Every structure is written in structure tokens, then in C-alpha cells.
file query.pdb (PDB, C-alpha atoms)
ATOM      1  CA  MET A   1     -55.632 -23.837  76.571
ATOM      2  CA  VAL A   2     -54.412 -20.242  76.348
ATOM      3  CA  ASN A   3     -56.153 -17.875  73.941
ATOM      4  CA  GLU A   4     -54.017 -16.745  71.023
ATOM      5  CA  PHE A   5     -55.412 -13.224  71.133
ATOM      6  CA  PRO A   6     -55.961 -10.726  73.959
ATOM      7  CA  SER A   7     -59.392 -10.299  75.563
ATOM      8  CA  GLN A   8     -59.392  -6.596  74.676
ATOM      9  CA  SER A   9     -58.009  -5.154  71.465
ATOM     10  CA  ALA A  10     -56.743  -1.657  70.806
ATOM     11  CA  ALA A  11     -59.603  -1.155  68.341
ATOM     12  CA  SER A  12     -62.199  -1.944  71.018
ATOM     13  CA  GLU A  13     -60.585   0.733  73.195
ATOM     14  CA  GLY A  14     -60.717   3.299  70.389
ATOM     15  CA  PHE A  15     -57.036   3.268  69.444
ATOM     16  CA  ALA A  16     -55.611   2.881  65.945
ATOM     17  CA  LEU A  17     -52.141   2.301  64.530
ATOM     18  CA  CYS A  18     -50.899   4.940  62.114
ATOM     19  CA  HIS A  19     -49.963   3.180  58.861
ATOM     20  CA  SER A  20     -47.379   5.850  58.056
ATOM     21  CA  CYS A  21     -45.267   6.194  61.199
ATOM     22  CA  GLY A  22     -46.540   3.388  63.465
ATOM     23  CA  LEU A  23     -47.777   5.602  66.299
ATOM     24  CA  VAL A  24     -50.755   4.343  68.322
ATOM     25  CA  ALA A  25     -53.284   7.132  68.764
ATOM     26  CA  ALA A  26     -56.949   7.634  69.542
ATOM     27  CA  VAL A  27     -58.947   7.081  66.362
ATOM     28  CA  ASP A  28     -61.244   9.983  67.313
ATOM     29  CA  GLU A  29     -58.394  12.362  66.490
ATOM     30  CA  ARG A  30     -58.835  11.348  62.824
ATOM     31  CA  HIS A  31     -55.230  12.344  62.029
ATOM     32  CA  CYS A  32     -51.968  11.119  63.480
ATOM     33  CA  PRO A  33     -50.562  13.695  65.945
ATOM     34  CA  ARG A  34     -47.019  12.897  64.771
ATOM     35  CA  CYS A  35     -47.213  12.724  60.946
ATOM     36  CA  ASP A  36     -50.760  14.027  60.275
ATOM     37  CA  ALA A  37     -51.727  10.912  58.262
ATOM     38  CA  SER A  38     -55.350   9.773  58.338
ATOM     39  CA  LEU A  39     -56.219   7.326  61.109
ATOM     40  CA  HIS A  40     -58.531   4.361  60.604
ATOM     41  CA  LEU A  41     -59.049   1.138  62.526
ATOM     42  CA  ARG A  42     -58.664  -1.094  59.480
ATOM     43  CA  ARG A  43     -57.478  -0.529  55.929
ATOM     44  CA  ARG A  44     -60.518   0.078  53.790
ATOM     45  CA  ASP A  45     -61.351  -2.672  51.297
ATOM     46  CA  SER A  46     -58.122  -4.428  52.237
ATOM     47  CA  LEU A  47     -59.208  -7.920  51.224
ATOM     48  CA  GLN A  48     -60.780  -6.762  47.945
ATOM     49  CA  ARG A  49     -57.609  -4.929  46.889
ATOM     50  CA  THR A  50     -55.405  -7.823  47.962
ATOM     51  CA  TRP A  51     -57.469 -10.365  45.985
ATOM     52  CA  ALA A  52     -57.478  -8.116  42.891
ATOM     53  CA  LEU A  53     -53.713  -7.525  42.973
ATOM     54  CA  THR A  54     -53.010 -11.210  43.605
ATOM     55  CA  LEU A  55     -55.243 -12.279  40.724
ATOM     56  CA  GLY A  56     -53.463  -9.821  38.423
ATOM     57  CA  ALA A  57     -50.074 -11.205  39.501
ATOM     58  CA  LEU A  58     -51.261 -14.765  38.928
ATOM     59  CA  ILE A  59     -52.446 -13.956  35.402
ATOM     60  CA  LEU A  60     -49.165 -12.246  34.499
ATOM     61  CA  TYR A  61     -47.110 -15.061  36.017
ATOM     62  CA  PHE A  62     -47.816 -17.327  33.029
ATOM     63  CA  PRO A  63     -46.426 -15.034  30.281
ATOM     64  CA  ALA A  64     -43.565 -14.140  32.615
ATOM     65  CA  ASN A  65     -42.455 -17.789  32.576
ATOM     66  CA  MET A  66     -43.521 -18.824  29.079
ATOM     67  CA  LEU A  67     -42.039 -15.887  27.131
ATOM     68  CA  PRO A  68     -38.289 -15.236  26.761
ATOM     69  CA  MET A  69     -36.719 -13.155  29.499
ATOM     70  CA  LEU A  70     -33.521 -12.405  27.574
ATOM     71  CA  ARG A  71     -32.492 -12.182  23.899
ATOM     72  CA  VAL A  72     -28.815 -12.461  22.978
ATOM     73  CA  ASP A  73     -27.638 -11.479  19.469
ATOM     74  CA  SER A  74     -24.135 -12.687  18.577
ATOM     75  CA  PHE A  75     -22.043 -14.361  15.852
ATOM     76  CA  TYR A  76     -23.865 -17.583  16.623
ATOM     77  CA  GLY A  77     -27.245 -16.050  15.878
ATOM     78  CA  THR A  78     -30.072 -15.102  18.191
ATOM     79  CA  GLN A  79     -30.613 -17.006  21.415
ATOM     80  CA  GLN A  80     -33.660 -16.544  23.645
ATOM     81  CA  ASN A  81     -34.192 -17.994  27.081
ATOM     82  CA  THR A  82     -37.108 -18.124  29.460
ATOM     83  CA  ILE A  83     -36.469 -17.886  33.209
ATOM     84  CA  VAL A  84     -36.324 -21.656  33.583
ATOM     85  CA  GLY A  85     -34.307 -21.931  30.371
ATOM     86  CA  GLY A  86     -31.777 -19.479  31.783
ATOM     87  CA  VAL A  87     -31.515 -21.516  34.982
ATOM     88  CA  VAL A  88     -30.905 -24.670  32.939
ATOM     89  CA  GLN A  89     -28.266 -22.886  30.842
ATOM     90  CA  PHE A  90     -26.377 -21.633  33.903
ATOM     91  CA  TRP A  91     -26.532 -25.135  35.393
ATOM     92  CA  ARG A  92     -25.129 -26.686  32.213
ATOM     93  CA  ASP A  93     -22.312 -24.122  32.235
ATOM     94  CA  ALA A  94     -21.490 -25.205  35.814
ATOM     95  CA  ASP A  95     -22.531 -21.818  37.222
ATOM     96  CA  TYR A  96     -24.391 -23.598  39.998
ATOM     97  CA  PRO A  97     -24.608 -20.707  42.525
ATOM     98  CA  VAL A  98     -26.070 -18.364  39.891
ATOM     99  CA  ALA A  99     -28.540 -21.023  38.727
ATOM    100  CA  ILE A 100     -29.674 -21.704  42.289
ATOM    101  CA  ILE A 101     -30.054 -18.021  43.165
ATOM    102  CA  ILE A 102     -32.096 -17.237  40.042
ATOM    103  CA  PHE A 103     -34.241 -20.349  40.493
ATOM    104  CA  ILE A 104     -35.048 -19.505  44.104
ATOM    105  CA  ALA A 105     -35.568 -15.765  43.542
ATOM    106  CA  SER A 106     -37.437 -15.945  40.228
ATOM    107  CA  VAL A 107     -39.370 -19.231  40.441
ATOM    108  CA  VAL A 108     -39.717 -20.427  44.014
ATOM    109  CA  ILE A 109     -40.269 -17.125  45.824
ATOM    110  CA  PRO A 110     -43.008 -15.740  43.492
ATOM    111  CA  VAL A 111     -44.947 -19.024  43.658
ATOM    112  CA  LEU A 112     -44.637 -19.278  47.430
ATOM    113  CA  LYS A 113     -45.603 -15.649  47.828
ATOM    114  CA  LEU A 114     -48.759 -16.077  45.753
ATOM    115  CA  ILE A 115     -49.684 -19.150  47.811
ATOM    116  CA  ALA A 116     -48.936 -17.277  51.047
ATOM    117  CA  ILE A 117     -51.080 -14.268  50.120
ATOM    118  CA  VAL A 118     -54.025 -16.499  49.172
ATOM    119  CA  THR A 119     -53.589 -18.352  52.480
ATOM    120  CA  LEU A 120     -53.607 -15.040  54.379
ATOM    121  CA  CYS A 121     -56.786 -13.896  52.641
ATOM    122  CA  LEU A 122     -58.494 -17.177  53.541
ATOM    123  CA  ALA A 123     -57.249 -16.854  57.138
ATOM    124  CA  ALA A 124     -58.776 -13.373  57.310
ATOM    125  CA  ARG A 125     -62.128 -15.074  56.678
ATOM    126  CA  SER A 126     -61.703 -18.215  58.776
ATOM    127  CA  GLY A 127     -59.704 -16.880  61.722
ATOM    128  CA  LEU A 128     -57.596 -20.045  61.930
ATOM    129  CA  TRP A 129     -54.094 -20.001  63.458
ATOM    130  CA  PRO A 130     -53.786 -16.201  63.912
ATOM    131  CA  VAL A 131     -50.273 -16.324  65.388
ATOM    132  CA  ALA A 132     -48.901 -18.514  62.583
ATOM    133  CA  MET A 133     -50.682 -16.448  59.923
ATOM    134  CA  THR A 134     -49.252 -13.207  61.348
ATOM    135  CA  ARG A 135     -45.751 -14.671  61.150
ATOM    136  CA  LEU A 136     -46.448 -15.803  57.612
ATOM    137  CA  TYR A 137     -47.511 -12.259  56.708
ATOM    138  CA  ARG A 138     -44.307 -10.747  58.105
ATOM    139  CA  MET A 139     -42.170 -13.302  56.286
ATOM    140  CA  THR A 140     -44.066 -12.741  53.024
ATOM    141  CA  GLU A 141     -43.642  -8.994  53.220
ATOM    142  CA  PHE A 142     -39.922  -9.337  53.946
ATOM    143  CA  ILE A 143     -38.854 -11.803  51.242
ATOM    144  CA  GLY A 144     -40.959 -10.353  48.427
ATOM    145  CA  ARG A 145     -38.377  -7.771  47.407
ATOM    146  CA  TRP A 146     -35.806 -10.473  46.557
ATOM    147  CA  SER A 147     -37.924 -11.587  43.619
ATOM    148  CA  MET A 148     -36.480  -8.675  41.644
ATOM    149  CA  VAL A 149     -33.084 -10.392  41.294
ATOM    150  CA  ASP A 150     -33.827 -11.674  37.789
ATOM    151  CA  VAL A 151     -35.022  -8.248  36.646
ATOM    152  CA  PHE A 152     -31.846  -6.658  38.029
ATOM    153  CA  VAL A 153     -29.697  -9.220  36.208
ATOM    154  CA  VAL A 154     -31.428  -8.427  32.912
ATOM    155  CA  ALA A 155     -31.112  -4.670  33.475
ATOM    156  CA  ILE A 156     -27.401  -4.925  34.259
ATOM    157  CA  LEU A 157     -26.661  -7.174  31.274
ATOM    158  CA  VAL A 158     -28.595  -4.923  28.887
ATOM    159  CA  GLY A 159     -26.748  -1.863  30.144
ATOM    160  CA  VAL A 160     -23.264  -3.374  30.214
ATOM    161  CA  VAL A 161     -23.036  -6.003  27.465
ATOM    162  CA  GLN A 162     -23.496  -3.995  24.273
ATOM    163  CA  LEU A 163     -20.624  -4.688  21.855
ATOM    164  CA  GLY A 164     -22.176  -3.610  18.586
ATOM    165  CA  SER A 165     -22.136  -6.334  15.951
ATOM    166  CA  VAL A 166     -20.174  -8.741  18.191
ATOM    167  CA  ILE A 167     -22.799  -9.324  20.870
ATOM    168  CA  SER A 168     -25.759  -7.439  22.243
ATOM    169  CA  ILE A 169     -28.298  -8.324  24.916
ATOM    170  CA  HIS A 170     -31.913  -7.177  24.941
ATOM    171  CA  PRO A 171     -34.730  -7.697  27.441
ATOM    172  CA  GLY A 172     -37.310 -10.246  26.349
ATOM    173  CA  ALA A 173     -41.072  -9.974  26.375
ATOM    174  CA  ALA A 174     -41.239 -11.672  29.778
ATOM    175  CA  ALA A 175     -39.231  -8.970  31.538
ATOM    176  CA  VAL A 176     -42.153  -6.544  31.802
ATOM    177  CA  SER A 177     -44.572  -9.288  32.856
ATOM    178  CA  PHE A 178     -42.219 -10.611  35.509
ATOM    179  CA  ALA A 179     -41.515  -7.133  36.883
ATOM    180  CA  ALA A 180     -45.286  -6.555  37.032
ATOM    181  CA  VAL A 181     -45.733  -9.839  38.942
ATOM    182  CA  VAL A 182     -43.167  -8.781  41.525
ATOM    183  CA  VAL A 183     -44.655  -5.300  41.922
ATOM    184  CA  LEU A 184     -48.229  -6.610  42.168
ATOM    185  CA  THR A 185     -47.314  -9.194  44.803
ATOM    186  CA  MET A 186     -45.465  -6.536  46.806
ATOM    187  CA  LEU A 187     -48.498  -4.236  46.599
ATOM    188  CA  SER A 188     -50.866  -7.049  47.542
ATOM    189  CA  ALA A 189     -48.810  -7.848  50.639
ATOM    190  CA  THR A 190     -48.746  -4.150  51.535
ATOM    191  CA  SER A 191     -52.498  -3.708  51.040
ATOM    192  CA  PHE A 192     -53.321  -6.719  53.220
ATOM    193  CA  ASP A 193     -54.247  -5.784  56.793
ATOM    194  CA  PRO A 194     -53.063  -8.602  59.120
ATOM    195  CA  ARG A 195     -55.364  -7.361  61.892
ATOM    196  CA  LEU A 196     -58.247  -8.833  59.906
ATOM    197  CA  ILE A 197     -56.882 -12.255  60.853
ATOM    198  CA  TRP A 198     -57.282 -11.427  64.532
ATOM    199  CA  ASP A 199     -60.737  -9.972  63.968
ATOM    200  CA  ALA A 200     -61.790 -13.241  62.328
ATOM    201  CA  ALA A 201     -60.159 -15.253  65.141
ATOM    202  CA  GLU A 202     -62.099 -13.259  67.721
ATOM    203  CA  ARG A 203     -65.376 -13.837  65.877
ATOM    204  CA  ARG A 204     -64.552 -17.539  65.666
ATOM    205  CA  SER A 205     -63.883 -17.665  69.398
ATOM    206  CA  GLN A 206     -67.128 -15.872  70.172
ATOM    207  CA  ARG A 207     -69.100 -18.336  68.027
ATOM    208  CA  ALA A 208     -67.414 -21.248  69.767
ATOM    209  CA  GLN A 209     -68.282 -19.811  73.171
ATOM    210  CA  ALA A 210     -71.876 -19.224  72.084
ATOM    211  CA  HIS A 211     -72.244 -22.865  71.043
ATOM    212  CA  ALA A 212     -70.488 -24.182  74.164
TER
END
call {"tool": "encode", "arguments": {"input": "query.pdb", "output": "C-alpha cells"}}
result
Amino acid sequence: MVNEFPSQSAASEGFALCHSCGLVAAVDERHCPRCDASLHLRRRDSLQRTWALTLGALILYFPANMLPMLRVDSFYGTQQNTIVGGVVQFWRDADYPVAIIIFIASVVIPVLKLIAIVTLCLAARSGLWPVAMTRLYRMTEFIGRWSMVDVFVVAILVGVVQLGSVISIHPGAAAVSFAAVVVLTMLSATSFDPRLIWDAAERRSQRAQAHA
């Protein structure tokens, strides 16, 4: 069986990756020779910040889905829709592509991202499947930005559809909560240091060798 991590890491050799420009430099230099950012082997309190931001996103996720995202005032009265209610409305109106896009971007992706970040934090403790967890981290960081689709839709509608007494669209109470969920999950993914997964995997391997 081939080890999933190298026998010697850059950290053990005294090298650190600059979090600003990506240059590998000797950690003894304290500052990156290219961009002058501070060098450190691991992000300080990475797991604590990630857990705190994820917990905040999880708490705000409930009002983001239970409160109305959009309020429409027209001749027919006032209509309010939650995120799921908006998806259902688009589906009933046969706007299937829009319904699918909003459902995936505003419901599926935030839930999967929260689950992924929790999984990464647990992997940073257990050291299980470091290669798979590193890929999961990269995927989570990449797709997180697409969760803002629903917020963009609301912002565009509010700015464009304002016809006085005929019809007007206003953001609902859930808009701020949902935007906060997206921002917090993006920050939590950014604050997470994936190298902690490999550190835990190395410790796990050393314990296994000690018991062998």
C-alpha cells in the first residue's frame, strides 16, 4: 500500500507557503520575499475560526429559508415568497430552468457546503482520507460563490422592476440572512487550512506504526 502523504513535508524542512501570493519560502524569513506578507507554517486558530463561522452560517440558514426572500406589491395585493416558495412558483409557471438553477444554487449548494466544511473539520482531527478531503476542500472553495445567485436575482429585480403603483418589488427579511450565510460559508472555507488534514494523517500513520 502506498502512503497518501510524502515522508517529508515542507514544514518539517522549514518552508512555508505564502497565503497571499503562493510563494514557498523559508519560514525563518518571517515575511514573504515577494509580497512581504507574514509567513507562518499553519493558519493560526484555523479550526476554531472555521467552526465559529460555520456555526453562525448554520444558525442563519433557518431564517434565510423560513422568512420571505421577496415581496411583490401589485394590483393583486402583496405576495411574499420564501426561497423554496419561489422555486415552486417558477416551476408552476413552467420556468423550469430558472427553478432548477435557483434550487441548486440557493438550497442544494449551501447545504452541501455546510456538510462539506463540517466533514473537513472532522478530517483535520481524524486524518482520514487526506487526498479525498483535499479534493473536497478545493471543490467546496470553488462552488461556494455560486450560492449568491438568489441574492443577485433579488438585487436585479429590486433595481429594475419598480413601476410605482402598478408593481414594485422589495427584498424580504430572508435576503440579509441568506447573504450572510453565503458570506460566512465562504469565509469559513477560506479560513480552513487544508494542511491540517495532512498533519492529522501523518500523526495517524505514526500511531499506527507505533502499534504495529
call {"tool": "closest_residue", "arguments": {"input": "query.pdb", "among": "A:Ser20, A:Thr78, A:Ser46, A:Thr54", "to": "A:Pro110", "atoms": "only C-alpha atoms"}}
result
A:Thr54
call {"tool": "resolve_selection", "arguments": {"input": "query.pdb", "expression": "the PyMOL selection byres ((chain A and resi 129) around 12)", "output": "number ranges by chain"}}
result
A: 3-5, 119-120, 122-128, 130-136, 197-198, 200-202, 204-205
call {"tool": "residues_near_point", "arguments": {"input": "query.pdb", "point": "(-50.4, -10.6, 54.3)", "cutoff": "8 Å", "atoms": "all atoms listed in the file", "output": "ChimeraX atom specification"}}
result
/A:116-117,120-121,134,136-138,140-141,188-194
call {"tool": "resolve_selection", "arguments": {"input": "query.pdb", "expression": "the PyMOL selection byres ((chain A and resi 182) around 12)", "output": "PyMOL selection string"}}
result
chain A and resi 53-54+56-58+60-61+64+105-107+109-111+113-114+141+143-151+175-181+183-189
call {"tool": "resolve_selection", "arguments": {"input": "query.pdb", "expression": "the PyMOL selection byres ((chain A and resi 86) around 12)", "output": "ChimeraX atom specification"}}
result
/A:65,67-72,79-85,87-93,95-96,98-103,106-107,150,153-154
call {"tool": "write_last_selection", "arguments": {"input": "query.pdb", "atoms": "C-alpha atoms", "output": "compact mmCIF listing (two decimals), in the coordinates of the input"}}
result
# COMPACT_ATOMS: atom_id res chain seq x y z
CA ASN A 65 -42.46 -17.79 32.58
CA LEU A 67 -42.04 -15.89 27.13
CA PRO A 68 -38.29 -15.24 26.76
CA MET A 69 -36.72 -13.16 29.50
CA LEU A 70 -33.52 -12.40 27.57
CA ARG A 71 -32.49 -12.18 23.90
CA VAL A 72 -28.82 -12.46 22.98
CA GLN A 79 -30.61 -17.01 21.42
CA GLN A 80 -33.66 -16.54 23.64
CA ASN A 81 -34.19 -17.99 27.08
CA THR A 82 -37.11 -18.12 29.46
CA ILE A 83 -36.47 -17.89 33.21
CA VAL A 84 -36.32 -21.66 33.58
CA GLY A 85 -34.31 -21.93 30.37
CA VAL A 87 -31.52 -21.52 34.98
CA VAL A 88 -30.90 -24.67 32.94
CA GLN A 89 -28.27 -22.89 30.84
CA PHE A 90 -26.38 -21.63 33.90
CA TRP A 91 -26.53 -25.14 35.39
CA ARG A 92 -25.13 -26.69 32.21
CA ASP A 93 -22.31 -24.12 32.24
CA ASP A 95 -22.53 -21.82 37.22
CA TYR A 96 -24.39 -23.60 40.00
CA VAL A 98 -26.07 -18.36 39.89
CA ALA A 99 -28.54 -21.02 38.73
CA ILE A 100 -29.67 -21.70 42.29
CA ILE A 101 -30.05 -18.02 43.16
CA ILE A 102 -32.10 -17.24 40.04
CA PHE A 103 -34.24 -20.35 40.49
CA SER A 106 -37.44 -15.94 40.23
CA VAL A 107 -39.37 -19.23 40.44
CA ASP A 150 -33.83 -11.67 37.79
CA VAL A 153 -29.70 -9.22 36.21
CA VAL A 154 -31.43 -8.43 32.91
call {"tool": "closest_residue", "arguments": {"input": "query.pdb", "among": "A:Cys35, A:Val27, A:Pro171, A:Phe62", "to": "A:Ala11", "atoms": "only C-alpha atoms"}}
result
A:Val27
call {"tool": "axis_aligned_box", "arguments": {"input": "query.pdb", "around": "stretch 115-132 of chain A", "padding_each_side": "4 Å", "output": "JSON"}}
result
{"center_x": -55.5, "center_y": -16.7, "center_z": 56.6, "size_x": 21.2, "size_y": 14.7, "size_z": 25.6}
call {"tool": "atom_distance", "arguments": {"input": "query.pdb", "atom1": "atom CA of A:Gly22", "atom2": "atom CA of A:Leu39"}}
result
10.7 Å
call {"tool": "atom_distance", "arguments": {"input": "query.pdb", "atom1": "atom CA of A:His40", "atom2": "atom CA of A:Asp199"}}
result
14.9 Å
call {"tool": "atom_distance", "arguments": {"input": "query.pdb", "atom1": "atom CA of A:Phe142", "atom2": "atom CA of A:Arg42"}}
result
21.2 Å
call {"tool": "decode", "arguments": {"input": "query.pdb", "residues": "stretch 29-41 of chain A", "atoms": "all heavy atoms", "output": "mmCIF file, in the first residue's frame"}}
result
data_model
loop_
_atom_site.group_PDB
_atom_site.id
_atom_site.type_symbol
_atom_site.label_atom_id
_atom_site.label_comp_id
_atom_site.auth_asym_id
_atom_site.auth_seq_id
_atom_site.Cartn_x
_atom_site.Cartn_y
_atom_site.Cartn_z
ATOM 1 N N GLU A 29 12.440 33.507 7.460
ATOM 2 C CA GLU A 29 12.470 34.874 6.923
ATOM 3 C C GLU A 29 11.334 35.730 7.476
ATOM 4 O O GLU A 29 11.363 36.948 7.349
ATOM 5 C CB GLU A 29 12.394 34.834 5.399
ATOM 6 C CG GLU A 29 13.592 34.148 4.742
ATOM 7 C CD GLU A 29 13.539 34.236 3.238
ATOM 8 O OE1 GLU A 29 12.751 35.060 2.716
ATOM 9 O OE2 GLU A 29 14.288 33.497 2.578
ATOM 10 N N ARG A 30 10.304 35.060 8.045
ATOM 11 C CA ARG A 30 9.184 35.740 8.689
ATOM 12 C C ARG A 30 8.276 36.494 7.732
ATOM 13 O O ARG A 30 7.089 36.633 7.980
ATOM 14 C CB ARG A 30 9.658 36.690 9.808
ATOM 15 C CG ARG A 30 10.350 35.973 10.946
ATOM 16 C CD ARG A 30 10.761 36.944 12.037
ATOM 17 N NE ARG A 30 11.418 36.250 13.125
ATOM 18 C CZ ARG A 30 10.776 35.677 14.132
ATOM 19 N NH1 ARG A 30 9.462 35.731 14.177
ATOM 20 N NH2 ARG A 30 11.438 35.057 15.076
ATOM 21 N N HIS A 31 8.802 37.033 6.645
ATOM 22 C CA HIS A 31 7.991 37.747 5.660
ATOM 23 C C HIS A 31 8.315 37.229 4.264
ATOM 24 O O HIS A 31 9.465 36.870 3.975
ATOM 25 C CB HIS A 31 8.228 39.261 5.718
ATOM 26 C CG HIS A 31 7.676 39.907 6.946
ATOM 27 N ND1 HIS A 31 8.383 39.953 8.137
ATOM 28 C CD2 HIS A 31 6.485 40.510 7.199
ATOM 29 C CE1 HIS A 31 7.656 40.571 9.056
ATOM 30 N NE2 HIS A 31 6.496 40.913 8.516
ATOM 31 N N CYS A 32 7.300 37.179 3.435
ATOM 32 C CA CYS A 32 7.466 36.697 2.073
ATOM 33 C C CYS A 32 8.404 37.624 1.297
ATOM 34 O O CYS A 32 8.196 38.850 1.289
ATOM 35 C CB CYS A 32 6.104 36.623 1.375
ATOM 36 S SG CYS A 32 6.198 36.148 -0.369
ATOM 37 N N PRO A 33 9.440 37.086 0.644
ATOM 38 C CA PRO A 33 10.355 37.948 -0.112
ATOM 39 C C PRO A 33 9.727 38.586 -1.336
ATOM 40 O O PRO A 33 10.264 39.547 -1.881
ATOM 41 C CB PRO A 33 11.482 36.977 -0.506
ATOM 42 C CG PRO A 33 10.877 35.620 -0.456
ATOM 43 C CD PRO A 33 9.838 35.669 0.622
ATOM 44 N N ARG A 34 8.558 38.068 -1.772
ATOM 45 C CA ARG A 34 7.916 38.617 -2.969
ATOM 46 C C ARG A 34 6.860 39.668 -2.639
ATOM 47 O O ARG A 34 6.833 40.737 -3.238
ATOM 48 C CB ARG A 34 7.283 37.499 -3.801
ATOM 49 C CG ARG A 34 6.609 37.991 -5.071
ATOM 50 C CD ARG A 34 6.460 36.889 -6.092
ATOM 51 N NE ARG A 34 5.592 35.806 -5.621
ATOM 52 C CZ ARG A 34 5.440 34.674 -6.304
ATOM 53 N NH1 ARG A 34 6.107 34.462 -7.428
ATOM 54 N NH2 ARG A 34 4.631 33.724 -5.832
ATOM 55 N N CYS A 35 5.986 39.388 -1.648
ATOM 56 C CA CYS A 35 4.884 40.324 -1.360
ATOM 57 C C CYS A 35 4.948 40.904 0.057
ATOM 58 O O CYS A 35 4.093 41.712 0.427
ATOM 59 C CB CYS A 35 3.533 39.651 -1.583
ATOM 60 S SG CYS A 35 3.169 38.330 -0.402
ATOM 61 N N ASP A 36 5.921 40.467 0.849
ATOM 62 C CA ASP A 36 6.151 40.991 2.201
ATOM 63 C C ASP A 36 5.045 40.620 3.190
ATOM 64 O O ASP A 36 4.940 41.221 4.254
ATOM 65 C CB ASP A 36 6.334 42.516 2.170
ATOM 66 C CG ASP A 36 7.079 43.014 3.408
ATOM 67 O OD1 ASP A 36 8.017 42.326 3.867
ATOM 68 O OD2 ASP A 36 6.696 44.075 3.951
ATOM 69 N N ALA A 37 4.211 39.626 2.848
ATOM 70 C CA ALA A 37 3.189 39.158 3.801
ATOM 71 C C ALA A 37 3.845 38.289 4.873
ATOM 72 O O ALA A 37 4.920 37.722 4.659
ATOM 73 C CB ALA A 37 2.111 38.371 3.069
ATOM 74 N N SER A 38 3.201 38.191 6.017
ATOM 75 C CA SER A 38 3.748 37.384 7.112
ATOM 76 C C SER A 38 3.706 35.903 6.746
ATOM 77 O O SER A 38 2.731 35.422 6.164
ATOM 78 C CB SER A 38 2.952 37.621 8.401
ATOM 79 O OG SER A 38 3.062 38.976 8.809
ATOM 80 N N LEU A 39 4.778 35.195 7.101
ATOM 81 C CA LEU A 39 4.866 33.765 6.841
ATOM 82 C C LEU A 39 4.584 32.984 8.122
ATOM 83 O O LEU A 39 5.057 33.356 9.193
ATOM 84 C CB LEU A 39 6.261 33.398 6.315
ATOM 85 C CG LEU A 39 6.633 33.879 4.907
ATOM 86 C CD1 LEU A 39 8.085 33.529 4.607
ATOM 87 C CD2 LEU A 39 5.724 33.248 3.859
ATOM 88 N N HIS A 40 3.812 31.924 8.007
ATOM 89 C CA HIS A 40 3.582 31.023 9.125
ATOM 90 C C HIS A 40 3.262 29.646 8.564
ATOM 91 O O HIS A 40 2.689 29.524 7.489
ATOM 92 C CB HIS A 40 2.443 31.514 10.036
ATOM 93 C CG HIS A 40 1.253 32.023 9.309
ATOM 94 N ND1 HIS A 40 1.129 33.335 8.901
ATOM 95 C CD2 HIS A 40 0.126 31.396 8.886
ATOM 96 C CE1 HIS A 40 -0.018 33.503 8.278
ATOM 97 N NE2 HIS A 40 -0.657 32.326 8.247
ATOM 98 N N LEU A 41 3.662 28.613 9.321
ATOM 99 C CA LEU A 41 3.509 27.246 8.833
ATOM 100 C C LEU A 41 2.047 26.857 8.678
ATOM 101 O O LEU A 41 1.665 26.175 7.735
ATOM 102 C CB LEU A 41 4.220 26.270 9.773
ATOM 103 C CG LEU A 41 5.747 26.384 9.807
ATOM 104 C CD1 LEU A 41 6.315 25.420 10.833
ATOM 105 C CD2 LEU A 41 6.355 26.107 8.435
#
